[in-house]
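Student: PDB, C-alpha atoms (C1' of nucleotides), saved as data-v3.pdb, coming up:
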MODEL        1
ATOM      1  CA  MET A   1     -17.028  -2.072  10.121  1.00  0.00           C
ATOM      2  CA  LYS A   2     -15.172  -0.949  13.181  1.00  0.00           C
ATOM      3  CA  SER A   3     -11.896   0.942  13.060  1.00  0.00           C
ATOM      4  CA  LEU A   4      -9.547   2.023  15.831  1.00  0.00           C
ATOM      5  CA  LYS A   5      -8.807   5.692  16.367  1.00  0.00           C
ATOM      6  CA  LEU A   6      -5.128   5.451  17.118  1.00  0.00           C
ATOM      7  CA  HIS A   7      -4.319   9.119  16.504  1.00  0.00           C
ATOM      8  CA  ARG A   8      -5.441  12.352  14.877  1.00  0.00           C
ATOM      9  CA  TRP A   9      -4.884  13.017  11.177  1.00  0.00           C
ATOM     10  CA  ASN A  10      -4.492  16.768  11.194  1.00  0.00           C
ATOM     11  CA  ILE A  11      -0.838  16.639  12.162  1.00  0.00           C
ATOM     12  CA  SER A  12       2.638  17.810  11.185  1.00  0.00           C
ATOM     13  CA  VAL A  13       5.232  15.671   9.439  1.00  0.00           C
ATOM     14  CA  LYS A  14       7.194  15.391  12.652  1.00  0.00           C
ATOM     15  CA  GLU A  15       4.170  14.097  14.496  1.00  0.00           C
ATOM     16  CA  ALA A  16       3.528  11.669  11.655  1.00  0.00           C
ATOM     17  CA  LEU A  17       7.083  10.404  12.000  1.00  0.00           C
ATOM     18  CA  ASP A  18       6.641   9.842  15.718  1.00  0.00           C
ATOM     19  CA  ILE A  19       3.414   7.965  15.071  1.00  0.00           C
ATOM     20  CA  GLN A  20       5.109   5.680  12.553  1.00  0.00           C
ATOM     21  CA  ASN A  21       7.972   4.882  14.901  1.00  0.00           C
ATOM     22  CA  LYS A  22       5.553   4.150  17.708  1.00  0.00           C
ATOM     23  CA  LEU A  23       2.914   2.155  15.835  1.00  0.00           C
ATOM     24  CA  SER A  24       5.424   0.101  13.860  1.00  0.00           C
ATOM     25  CA  LYS A  25       6.041  -1.828  17.049  1.00  0.00           C
ATOM     26  CA  CYS A  26       2.407  -2.968  17.029  1.00  0.00           C
ATOM     27  CA  VAL A  27       2.557  -4.658  13.639  1.00  0.00           C
ATOM     28  CA  ILE A  28       2.072  -8.412  13.796  1.00  0.00           C
ATOM     29  CA  GLN A  29       3.632 -10.895  11.404  1.00  0.00           C
ATOM     30  CA  GLN A  30       1.920 -14.258  11.528  1.00  0.00           C
ATOM     31  CA  LYS A  31       0.375 -16.931   9.383  1.00  0.00           C
ATOM     32  CA  LEU A  32      -3.217 -16.135   8.433  1.00  0.00           C
ATOM     33  CA  ASP A  33      -5.290 -17.592  11.227  1.00  0.00           C
ATOM     34  CA  LYS A  34      -8.635 -17.754   9.415  1.00  0.00           C
ATOM     35  CA  PRO A  35      -9.616 -19.080   6.011  1.00  0.00           C
ATOM     36  CA  VAL A  36      -9.932 -16.323   3.426  1.00  0.00           C
ATOM     37  CA  LYS A  37     -13.308 -15.984   1.746  1.00  0.00           C
ATOM     38  CA  VAL A  38     -13.609 -12.265   1.128  1.00  0.00           C
ATOM     39  CA  LEU A  39     -10.877 -10.021  -0.237  1.00  0.00           C
ATOM     40  CA  ALA A  40     -10.772  -6.246  -0.461  1.00  0.00           C
ATOM     41  CA  GLY A  41      -8.694  -4.041  -2.727  1.00  0.00           C
ATOM     42  CA  CYS A  42      -8.419  -0.292  -2.348  1.00  0.00           C
ATOM     43  CA  ASP A  43      -7.000   2.679  -4.219  1.00  0.00           C
ATOM     44  CA  VAL A  44      -7.227   6.467  -4.470  1.00  0.00           C
ATOM     45  CA  ALA A  45      -7.209   8.700  -7.555  1.00  0.00           C
ATOM     46  CA  PHE A  46      -6.439  12.417  -7.477  1.00  0.00           C
ATOM     47  CA  GLU A  47      -7.469  15.343  -9.616  1.00  0.00           C
ATOM     48  CA  LYS A  48      -4.492  17.240 -10.959  1.00  0.00           C
ATOM     49  CA  ASN A  49      -4.336  20.693  -9.415  1.00  0.00           C
ATOM     50  CA  SER A  50      -6.842  20.128  -6.682  1.00  0.00           C
ATOM     51  CA  TYR A  51      -7.448  18.561  -3.310  1.00  0.00           C
ATOM     52  CA  LEU A  52     -10.240  16.434  -4.733  1.00  0.00           C
ATOM     53  CA  ALA A  53      -9.726  12.702  -4.590  1.00  0.00           C
ATOM     54  CA  CYS A  54     -11.785   9.598  -5.207  1.00  0.00           C
ATOM     55  CA  ALA A  55     -11.200   6.626  -2.930  1.00  0.00           C
ATOM     56  CA  GLY A  56     -12.549   3.212  -3.755  1.00  0.00           C
ATOM     57  CA  ILE A  57     -12.867  -0.279  -2.349  1.00  0.00           C
ATOM     58  CA  VAL A  58     -13.695  -3.485  -4.150  1.00  0.00           C
ATOM     59  CA  LEU A  59     -14.782  -6.723  -2.491  1.00  0.00           C
ATOM     60  CA  MET A  60     -14.124 -10.055  -4.185  1.00  0.00           C
ATOM     61  CA  SER A  61     -14.633 -13.699  -3.328  1.00  0.00           C
ATOM     62  CA  PHE A  62     -11.638 -15.965  -2.903  1.00  0.00           C
ATOM     63  CA  PRO A  63     -10.462 -18.014  -4.668  1.00  0.00           C
ATOM     64  CA  GLU A  64     -12.971 -17.282  -7.461  1.00  0.00           C
ATOM     65  CA  LEU A  65     -12.215 -13.567  -7.528  1.00  0.00           C
ATOM     66  CA  ASP A  66     -15.805 -12.750  -8.426  1.00  0.00           C
ATOM     67  CA  LEU A  67     -16.830  -9.170  -7.767  1.00  0.00           C
ATOM     68  CA  ILE A  68     -19.015  -8.948  -4.648  1.00  0.00           C
ATOM     69  CA  ASP A  69     -19.312  -5.220  -4.158  1.00  0.00           C
ATOM     70  CA  GLU A  70     -17.663  -1.915  -4.971  1.00  0.00           C
ATOM     71  CA  LYS A  71     -17.890   1.487  -3.407  1.00  0.00           C
ATOM     72  CA  VAL A  72     -16.309   4.888  -4.008  1.00  0.00           C
ATOM     73  CA  ILE A  73     -16.346   8.160  -2.151  1.00  0.00           C
ATOM     74  CA  PHE A  74     -15.109  11.657  -3.002  1.00  0.00           C
ATOM     75  CA  SER A  75     -12.995  13.344  -0.432  1.00  0.00           C
ATOM     76  CA  THR A  76     -10.734  16.314   0.193  1.00  0.00           C
ATOM     77  CA  ILE A  77      -7.096  15.403   0.721  1.00  0.00           C
ATOM     78  CA  LYS A  78      -5.106  17.704   2.964  1.00  0.00           C
ATOM     79  CA  PHE A  79      -1.813  15.970   3.622  1.00  0.00           C
ATOM     80  CA  PRO A  80       0.779  16.455   0.831  1.00  0.00           C
ATOM     81  CA  TYR A  81       2.589  13.602  -0.798  1.00  0.00           C
ATOM     82  CA  ILE A  82       5.887  13.103   0.983  1.00  0.00           C
ATOM     83  CA  GLN A  83       7.986   9.985   0.439  1.00  0.00           C
ATOM     84  CA  GLY A  84       7.538   7.703   3.391  1.00  0.00           C
ATOM     85  CA  PHE A  85       4.296   9.347   4.522  1.00  0.00           C
ATOM     86  CA  LEU A  86       1.849   8.200   1.899  1.00  0.00           C
ATOM     87  CA  SER A  87      -0.552   6.744   4.447  1.00  0.00           C
ATOM     88  CA  PHE A  88      -1.251  10.133   6.015  1.00  0.00           C
ATOM     89  CA  ARG A  89      -2.457  11.313   2.623  1.00  0.00           C
ATOM     90  CA  GLU A  90      -4.600   8.386   1.513  1.00  0.00           C
ATOM     91  CA  THR A  91      -5.759   6.506   4.596  1.00  0.00           C
ATOM     92  CA  PRO A  92      -8.370   8.998   5.900  1.00  0.00           C
ATOM     93  CA  ALA A  93     -10.362   8.776   2.660  1.00  0.00           C
ATOM     94  CA  LEU A  94     -10.149   4.980   2.630  1.00  0.00           C
ATOM     95  CA  LEU A  95     -11.357   4.772   6.217  1.00  0.00           C
ATOM     96  CA  GLU A  96     -14.437   6.784   5.314  1.00  0.00           C
ATOM     97  CA  ILE A  97     -15.467   3.922   3.071  1.00  0.00           C
ATOM     98  CA  PHE A  98     -14.402   1.014   5.247  1.00  0.00           C
ATOM     99  CA  LYS A  99     -16.503   2.419   8.067  1.00  0.00           C
ATOM    100  CA  THR A 100     -19.617   2.057   5.895  1.00  0.00           C
ATOM    101  CA  ILE A 101     -18.941  -1.521   4.809  1.00  0.00           C
ATOM    102  CA  LYS A 102     -20.797  -4.163   6.724  1.00  0.00           C
ATOM    103  CA  ALA A 103     -19.446  -7.259   5.013  1.00  0.00           C
ATOM    104  CA  LYS A 104     -16.810  -9.245   6.859  1.00  0.00           C
ATOM    105  CA  ILE A 105     -13.440  -8.822   5.148  1.00  0.00           C
ATOM    106  CA  ASP A 106     -10.675 -11.415   5.586  1.00  0.00           C
ATOM    107  CA  LEU A 107      -7.753  -9.841   3.747  1.00  0.00           C
ATOM    108  CA  ILE A 108      -7.009  -6.445   2.212  1.00  0.00           C
ATOM    109  CA  PHE A 109      -4.704  -5.643  -0.702  1.00  0.00           C
ATOM    110  CA  VAL A 110      -3.207  -2.179  -0.523  1.00  0.00           C
ATOM    111  CA  ASP A 111      -1.334  -0.346  -3.252  1.00  0.00           C
ATOM    112  CA  GLY A 112       1.860   0.728  -1.557  1.00  0.00           C
ATOM    113  CA  TYR A 113       4.236  -0.840   0.942  1.00  0.00           C
ATOM    114  CA  GLY A 114       3.821  -2.530   4.301  1.00  0.00           C
ATOM    115  CA  ILE A 115       6.841  -3.067   6.543  1.00  0.00           C
ATOM    116  CA  ALA A 116       9.296  -2.665   3.653  1.00  0.00           C
ATOM    117  CA  HIS A 117       9.441   0.964   4.659  1.00  0.00           C
ATOM    118  CA  PRO A 118      12.058   3.307   6.197  1.00  0.00           C
ATOM    119  CA  ARG A 119      10.303   3.041   9.576  1.00  0.00           C
ATOM    120  CA  LYS A 120       8.602  -0.331   8.973  1.00  0.00           C
ATOM    121  CA  PHE A 121       5.212   1.297   8.707  1.00  0.00           C
ATOM    122  CA  GLY A 122       3.956   1.869   5.179  1.00  0.00           C
ATOM    123  CA  ILE A 123       0.299   2.432   4.296  1.00  0.00           C
ATOM    124  CA  ALA A 124      -0.554  -1.281   4.263  1.00  0.00           C
ATOM    125  CA  SER A 125       0.623  -1.651   7.860  1.00  0.00           C
ATOM    126  CA  HIS A 126      -1.081   1.548   8.921  1.00  0.00           C
ATOM    127  CA  LEU A 127      -4.445   0.576   7.439  1.00  0.00           C
ATOM    128  CA  GLY A 128      -4.177  -2.973   8.755  1.00  0.00           C
ATOM    129  CA  LEU A 129      -3.485  -1.813  12.285  1.00  0.00           C
ATOM    130  CA  ILE A 130      -6.400   0.619  12.284  1.00  0.00           C
ATOM    131  CA  LEU A 131      -8.845  -1.931  10.891  1.00  0.00           C
ATOM    132  CA  ASP A 132      -7.250  -4.784  12.826  1.00  0.00           C
ATOM    133  CA  LEU A 133      -7.260  -6.922   9.688  1.00  0.00           C
ATOM    134  CA  PRO A 134      -4.652  -8.765   7.608  1.00  0.00           C
ATOM    135  CA  THR A 135      -3.186  -6.546   4.875  1.00  0.00           C
ATOM    136  CA  ILE A 136      -0.698  -7.035   2.046  1.00  0.00           C
ATOM    137  CA  GLY A 137       1.301  -4.159   0.595  1.00  0.00           C
ATOM    138  CA  CYS A 138       1.881  -4.250  -3.174  1.00  0.00           C
ATOM    139  CA  GLY A 139       4.200  -1.568  -4.499  1.00  0.00           C
ATOM    140  CA  LYS A 140       4.583  -0.975  -8.221  1.00  0.00           C
ATOM    141  CA  THR A 141       7.883   0.880  -8.022  1.00  0.00           C
ATOM    142  CA  TYR A 142      10.999   0.757  -5.896  1.00  0.00           C
ATOM    143  CA  LEU A 143      11.133   2.373  -2.462  1.00  0.00           C
ATOM    144  CA  ILE A 144      13.924   0.842  -0.372  1.00  0.00           C
ATOM    145  CA  GLY A 145      16.193  -2.158   0.026  1.00  0.00           C
ATOM    146  CA  GLU A 146      18.386  -4.385  -2.076  1.00  0.00           C
ATOM    147  CA  TYR A 147      17.403  -7.366  -4.185  1.00  0.00           C
ATOM    148  CA  ASP A 148      18.380  -9.555  -7.091  1.00  0.00           C
ATOM    149  CA  GLU A 149      16.227  -9.428 -10.177  1.00  0.00           C
ATOM    150  CA  PRO A 150      13.782 -12.373 -10.019  1.00  0.00           C
ATOM    151  CA  LYS A 151      13.651 -14.911 -12.872  1.00  0.00           C
ATOM    152  CA  VAL A 152      11.345 -14.184 -15.793  1.00  0.00           C
ATOM    153  CA  ASP A 153       8.415 -16.509 -15.221  1.00  0.00           C
ATOM    154  CA  ALA A 154       5.197 -15.665 -13.395  1.00  0.00           C
ATOM    155  CA  GLY A 155       5.601 -16.930  -9.836  1.00  0.00           C
ATOM    156  CA  ASP A 156       9.339 -16.284  -9.637  1.00  0.00           C
ATOM    157  CA  TYR A 157      10.450 -13.980  -6.857  1.00  0.00           C
ATOM    158  CA  SER A 158      13.471 -12.844  -4.860  1.00  0.00           C
ATOM    159  CA  TRP A 159      13.835 -11.458  -1.359  1.00  0.00           C
ATOM    160  CA  LEU A 160      13.925  -7.770  -0.619  1.00  0.00           C
ATOM    161  CA  PHE A 161      16.540  -6.921   2.017  1.00  0.00           C
ATOM    162  CA  TYR A 162      16.804  -3.785   4.107  1.00  0.00           C
ATOM    163  CA  LYS A 163      19.391  -3.441   6.836  1.00  0.00           C
ATOM    164  CA  ASP A 164      20.304  -7.140   6.624  1.00  0.00           C
ATOM    165  CA  GLU A 165      16.727  -8.206   7.100  1.00  0.00           C
ATOM    166  CA  ILE A 166      14.152  -9.682   4.725  1.00  0.00           C
ATOM    167  CA  VAL A 167      11.370  -7.110   4.592  1.00  0.00           C
ATOM    168  CA  GLY A 168       9.555  -8.213   1.470  1.00  0.00           C
ATOM    169  CA  ALA A 169       9.735  -9.938  -1.901  1.00  0.00           C
ATOM    170  CA  VAL A 170      10.119  -8.801  -5.494  1.00  0.00           C
ATOM    171  CA  VAL A 171       7.469 -10.880  -7.234  1.00  0.00           C
ATOM    172  CA  ARG A 172       7.077 -11.627 -10.923  1.00  0.00           C
ATOM    173  CA  THR A 173       3.301 -11.743 -11.206  1.00  0.00           C
ATOM    174  CA  LYS A 174       3.371 -12.034 -14.990  1.00  0.00           C
ATOM    175  CA  THR A 175       5.941 -13.642 -17.274  1.00  0.00           C
ATOM    176  CA  LYS A 176       8.472 -11.192 -18.713  1.00  0.00           C
ATOM    177  CA  VAL A 177       6.784  -8.230 -17.069  1.00  0.00           C
ATOM    178  CA  LYS A 178       8.287  -5.927 -14.453  1.00  0.00           C
ATOM    179  CA  PRO A 179       7.838  -7.420 -10.959  1.00  0.00           C
ATOM    180  CA  ILE A 180       5.964  -5.837  -8.039  1.00  0.00           C
ATOM    181  CA  PHE A 181       7.171  -5.325  -4.466  1.00  0.00           C
ATOM    182  CA  VAL A 182       5.239  -7.373  -1.932  1.00  0.00           C
ATOM    183  CA  SER A 183       5.501  -6.879   1.813  1.00  0.00           C
ATOM    184  CA  VAL A 184       3.601  -7.726   4.969  1.00  0.00           C
ATOM    185  CA  GLY A 185       1.131  -5.094   6.022  1.00  0.00           C
ATOM    186  CA  HIS A 186      -0.286  -6.591   9.209  1.00  0.00           C
ATOM    187  CA  LYS A 187      -1.459  -9.934  10.614  1.00  0.00           C
ATOM    188  CA  ILE A 188       0.036 -12.011   7.819  1.00  0.00           C
ATOM    189  CA  CYS A 189       3.458 -13.493   7.060  1.00  0.00           C
ATOM    190  CA  LEU A 190       5.530 -12.854   3.950  1.00  0.00           C
ATOM    191  CA  ASN A 191       5.020 -16.345   2.520  1.00  0.00           C
ATOM    192  CA  ASP A 192       1.249 -16.020   2.782  1.00  0.00           C
ATOM    193  CA  ALA A 193       1.433 -12.526   1.313  1.00  0.00           C
ATOM    194  CA  ILE A 194       3.351 -13.814  -1.703  1.00  0.00           C
ATOM    195  CA  GLU A 195       1.045 -16.797  -2.114  1.00  0.00           C
ATOM    196  CA  PHE A 196      -2.144 -14.744  -2.048  1.00  0.00           C
ATOM    197  CA  THR A 197      -0.694 -12.108  -4.313  1.00  0.00           C
ATOM    198  CA  LEU A 198       0.110 -14.709  -6.947  1.00  0.00           C
ATOM    199  CA  LYS A 199      -3.271 -16.392  -6.606  1.00  0.00           C
ATOM    200  CA  CYS A 200      -4.972 -13.050  -7.171  1.00  0.00           C
ATOM    201  CA  CYS A 201      -3.200 -12.120 -10.400  1.00  0.00           C
ATOM    202  CA  LYS A 202      -5.398 -12.987 -13.368  1.00  0.00           C
ATOM    203  CA  GLY A 203      -3.264 -12.295 -16.397  1.00  0.00           C
ATOM    204  CA  TYR A 204      -2.191  -8.859 -15.258  1.00  0.00           C
ATOM    205  CA  ARG A 205       0.758  -7.538 -13.293  1.00  0.00           C
ATOM    206  CA  ILE A 206      -1.432  -6.113 -10.531  1.00  0.00           C
ATOM    207  CA  PRO A 207      -3.534  -8.331  -8.226  1.00  0.00           C
ATOM    208  CA  GLU A 208      -7.210  -8.162  -9.253  1.00  0.00           C
ATOM    209  CA  PRO A 209      -8.553  -6.468  -6.101  1.00  0.00           C
ATOM    210  CA  ILE A 210      -6.165  -3.529  -6.504  1.00  0.00           C
ATOM    211  CA  ARG A 211      -6.499  -3.460 -10.273  1.00  0.00           C
ATOM    212  CA  MET A 212     -10.287  -3.294 -10.041  1.00  0.00           C
ATOM    213  CA  ALA A 213     -10.187  -0.624  -7.331  1.00  0.00           C
ATOM    214  CA  HIS A 214      -7.822   1.408  -9.500  1.00  0.00           C
ATOM    215  CA  ILE A 215     -10.211   1.183 -12.429  1.00  0.00           C
ATOM    216  CA  ILE A 216     -13.308   2.283 -10.528  1.00  0.00           C
ATOM    217  CA  VAL A 217     -11.710   5.275  -8.801  1.00  0.00           C
ATOM    218  CA  ASN A 218     -10.326   6.561 -12.071  1.00  0.00           C
ATOM    219  CA  ARG A 219     -13.614   6.014 -13.865  1.00  0.00           C
ATOM    220  CA  ASN A 220     -15.579   7.819 -11.156  1.00  0.00           C
ATOM    221  CA  LEU A 221     -13.159  10.718 -10.964  1.00  0.00           C
ATOM    222  CA  LYS A 222     -13.299  11.110 -14.734  1.00  0.00           C
ATOM    223  CA  GLU A 223     -17.095  11.101 -14.740  1.00  0.00           C
ATOM    224  CA  LYS A 224     -17.119  13.706 -12.018  1.00  0.00           C
ATOM    225  CA  LYS A 225     -14.882  15.957 -14.105  1.00  0.00           C
ATOM    226  CA  LEU A 226     -17.140  15.647 -17.132  1.00  0.00           C
ATOM    227  CA  LYS A 227     -20.168  16.641 -15.085  1.00  0.00           C
ATOM    228  CA  SER A 228     -18.446  19.717 -13.676  1.00  0.00           C
ATOM    229  CA  VAL A 229     -17.548  20.814 -17.201  1.00  0.00           C
ATOM    230  CA  ALA A 230     -21.028  20.143 -18.568  1.00  0.00           C
ATOM    231  CA  GLY A 231     -22.705  22.463 -16.159  1.00  0.00           C
ATOM    232  CA  LYS A 232     -22.740  22.331 -12.455  1.00  0.00           C
TER     233      LYS A 232
ATOM    234  C1'  DG B   1      26.642  17.938   0.063  1.00  0.00           C
ATOM    235  C1'  DC B   2      24.696  14.214  -3.407  1.00  0.00           C
ATOM    236  C1'  DG B   3      21.559  10.695  -4.707  1.00  0.00           C
ATOM    237  C1'  DA B   4      17.208   7.863  -3.771  1.00  0.00           C
ATOM    238  C1'  DC B   5      12.619   8.503  -3.060  1.00  0.00           C
ATOM    239  C1'  DA B   6       5.438   4.062  -2.373  1.00  0.00           C
ATOM    240  C1'  DG B   7       1.234   7.138  -4.677  1.00  0.00           C
TER     241       DG B   7
ATOM    242  C1'  DA C   1      -0.379  10.333  -8.540  1.00  0.00           C
ATOM    243  C1'  DT C   2      -0.986  13.082 -13.193  1.00  0.00           C
ATOM    244  C1'  DC C   3       0.227  14.970 -17.994  1.00  0.00           C
ATOM    245  C1'  DT C   4      -0.475  11.862 -22.924  1.00  0.00           C
ATOM    246  C1'  DT C   5      -0.500   8.684 -28.843  1.00  0.00           C
ATOM    247  C1'  DG C   6       1.361   5.958 -31.017  1.00  0.00           C
ATOM    248  C1'  DT C   7       4.025   2.112 -31.221  1.00  0.00           C
ATOM    249  C1'  DC C   8       7.409  -1.826 -30.569  1.00  0.00           C
ATOM    250  C1'  DG C   9       7.304  -6.601 -28.974  1.00  0.00           C
ATOM    251  C1'  DC C  10       5.446 -11.062 -27.369  1.00  0.00           C
TER     252       DC C  10
ENDMDL
END
Kindly transcribe the structure held in the file into structure tokens.

Tutor:
Amino acid sequence: MKSLKLHRWNISVKEALDIQNKLSKCVIQQKLDKPVKVLAGCDVAFEKNSYLACAGIVLMSFPELDLIDEKVIFSTIKFPYIQGFLSFRETPALLEIFKTIKAKIDLIFVDGYGIAHPRKFGIASHLGLILDLPTIGCGKTYLIGEYDEPKVDAGDYSWLFYKDEIVGAVVRTKTKVKPIFVSVGHKICLNDAIEFTLKCCKGYRIPEPIRMAHIIVNRNLKEKKLKSVAGK
DNA sequence: GCGACAG
DNA sequence: ATCTTGTCGC
């Protein structure tokens, strides 16, 4: 699939900051304009003291959530992990895979935040803008903002505020289990993001597309380690 | 200066 | 993210 080359990746943190401030203005919040048939979930796993990483993408049908396809790729990560700059570390590897996928994707689930970000440009927004596709950011731990603890039942949620603005929602995807942080990535509105997130949770805290992607990248990275120990 | 801080 | 086993609770 096509992807826009909005900037280089071999850059400094300052340049990355400028890019975020500039591109955040291009993010679009809107109701999904097309029916969703194909979902994608992506994730990246890293080897401990190394630059080796395994990026993976899973495609699923909606609303059935049947697995359509899965793909992983090993890559060398150069950008360090710095709070607020996660996308510059993980996006290049993910793009390598998206570029090889020919199927038409309607919506992408990203592990991390969208516009609920210090500069309104988390990895979900960044990836969505580059691929020009709707994306939802699903964070597992707190990053920014203020919120009230949502009620205990699956489906309950509360708004996430940042600078007097609603930037996301704290969603209880499973009864009596810690909620996740949902925010708009690109080309979707918060209500749709919450709705799709809930419809994609099948008994687990994490939406299936992301949960599956997480499983395959970890499995592949583990297998790669075993092979390197066994011989070559 | 101190605390907070996606994966 | 990654390092790691068993264990308490629904």

Student: One decimal, Å: what's the distance from atom CA of Met1 of chain A over to atom CA of Ile215 of chain A, could you say?

Tutor: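 So the two atoms, atom CA of Met1 of chain A and atom CA of Ile215 of chain A, lie 23.8 Å apart.
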
Student: Between A:Pro150, A:Gly168, A:Gly185, A:Pro80, which one has atoms that come closest to chain C, using all atoms listed in the file?

Tutor: A:Pro80

Student: Run the PyMOL selection byres ((chain A and resi 212) around 10) mentally over the shown coordinates, then write out the matched residues as a list of chain:residue names, using the chain letters and numbers from the document.

Tutor: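 Written out, the selection comes to A:Gly41, A:Cys42, A:Asp43, A:Gly56, A:Ile57, A:Val58, A:Leu59, A:Met60, A:Leu67, A:Glu70, A:Ile206, A:Pro207, A:Glu208, A:Pro209, A:Ile210, A:Arg211, A:Ala213, A:His214, A:Ile215, A:Ile216, A:Val217.
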
Student: Go ahead and write the residues just picked, C-alpha atoms, as a short mmCIF file (atom, residue, chain, number, x, y, z; two decimals), in the frame of the given file.

Tutor:
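Dumped to again.cif:
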data_model
loop_
_atom_site.label_atom_id
_atom_site.label_comp_id
_atom_site.auth_asym_id
_atom_site.auth_seq_id
_atom_site.Cartn_x
_atom_site.Cartn_y
_atom_site.Cartn_z
CA GLY A 41 -8.69 -4.04 -2.73
CA CYS A 42 -8.42 -0.29 -2.35
CA ASP A 43 -7.00 2.68 -4.22
CA GLY A 56 -12.55 3.21 -3.76
CA ILE A 57 -12.87 -0.28 -2.35
CA VAL A 58 -13.70 -3.48 -4.15
CA LEU A 59 -14.78 -6.72 -2.49
CA MET A 60 -14.12 -10.06 -4.18
CA LEU A 67 -16.83 -9.17 -7.77
CA GLU A 70 -17.66 -1.92 -4.97
CA ILE A 206 -1.43 -6.11 -10.53
CA PRO A 207 -3.53 -8.33 -8.23
CA GLU A 208 -7.21 -8.16 -9.25
CA PRO A 209 -8.55 -6.47 -6.10
CA ILE A 210 -6.16 -3.53 -6.50
CA ARG A 211 -6.50 -3.46 -10.27
CA ALA A 213 -10.19 -0.62 -7.33
CA HIS A 214 -7.82 1.41 -9.50
CA ILE A 215 -10.21 1.18 -12.43
CA ILE A 216 -13.31 2.28 -10.53
CA VAL A 217 -11.71 5.28 -8.80
#

Student: Decode the PyMOL selection byres ((chain A) within 7 of (chain B)) for the given file into explicit residues and return them as a short mmCIF file (atom, residue, chain, number, x, y, z; two decimals) with C-alpha atoms, in the coordinates of the input.

Tutor:
data_model
loop_
_atom_site.label_atom_id
_atom_site.label_comp_id
_atom_site.auth_asym_id
_atom_site.auth_seq_id
_atom_site.Cartn_x
_atom_site.Cartn_y
_atom_site.Cartn_z
CA GLN A 83 7.99 9.98 0.44
CA LEU A 86 1.85 8.20 1.90
CA GLY A 112 1.86 0.73 -1.56
CA TYR A 113 4.24 -0.84 0.94
CA GLY A 139 4.20 -1.57 -4.50
CA THR A 141 7.88 0.88 -8.02
CA LEU A 143 11.13 2.37 -2.46
#

Student: Selection in question (the file shown): the PyMOL selection byres ((chain C) within 10 of (chain A)). Which residues does it include, as a PyMOL selection string?

Tutor: chain C and resi 1-3+10

Student: Dump C-alpha atoms (C1' of nucleotides) for the selected residues as a PDB file, keeping the file's coordinate frame?

Tutor:
ATOM      1  C1'  DA C   1      -0.379  10.333  -8.540  1.00  0.00           C
ATOM      2  C1'  DT C   2      -0.986  13.082 -13.193  1.00  0.00           C
ATOM      3  C1'  DC C   3       0.227  14.970 -17.994  1.00  0.00           C
ATOM      4  C1'  DC C  10       5.446 -11.062 -27.369  1.00  0.00           C
TER       5       DC C  10
END

Student: For Tyr147 of chain A, please output as a list of chain:residue names all residues within 7 Å (counting all atoms listed in the file; exclusion window: fewer than 5 positions along the same chain).

Tutor: A:Ser158, A:Trp159, A:Leu160, A:Phe161

Student: One decimal, in Å: what's the spacing between atom CA of Ser3 of chain A and atom CA of Ile130 of chain A?

Tutor: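 Going from atom CA of Ser3 of chain A over to atom CA of Ile130 of chain A covers 5.6 Å.
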
Student: What gap, in Å, lies between atom CA of Lys102 of chain A and atom CA of Leu39 of chain A?

Tutor: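 It comes out at 13.5 Å.
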
Student: What lies within 8 Å of Ala154 of chain A using all atoms listed in the file, ignoring chain neighbours under 3 positions off, as a ChimeraX atom specification?

Tutor: /A:172-176

Student: Need the axis-aligned box for chain B with 8 Å each side, so what are the centre and edges in Å to one decimal, as AutoDock Vina command-line options?

Tutor:
--center_x 13.9 --center_y 11.0 --center_z -2.3 --size_x 41.4 --size_y 29.9 --size_z 20.8
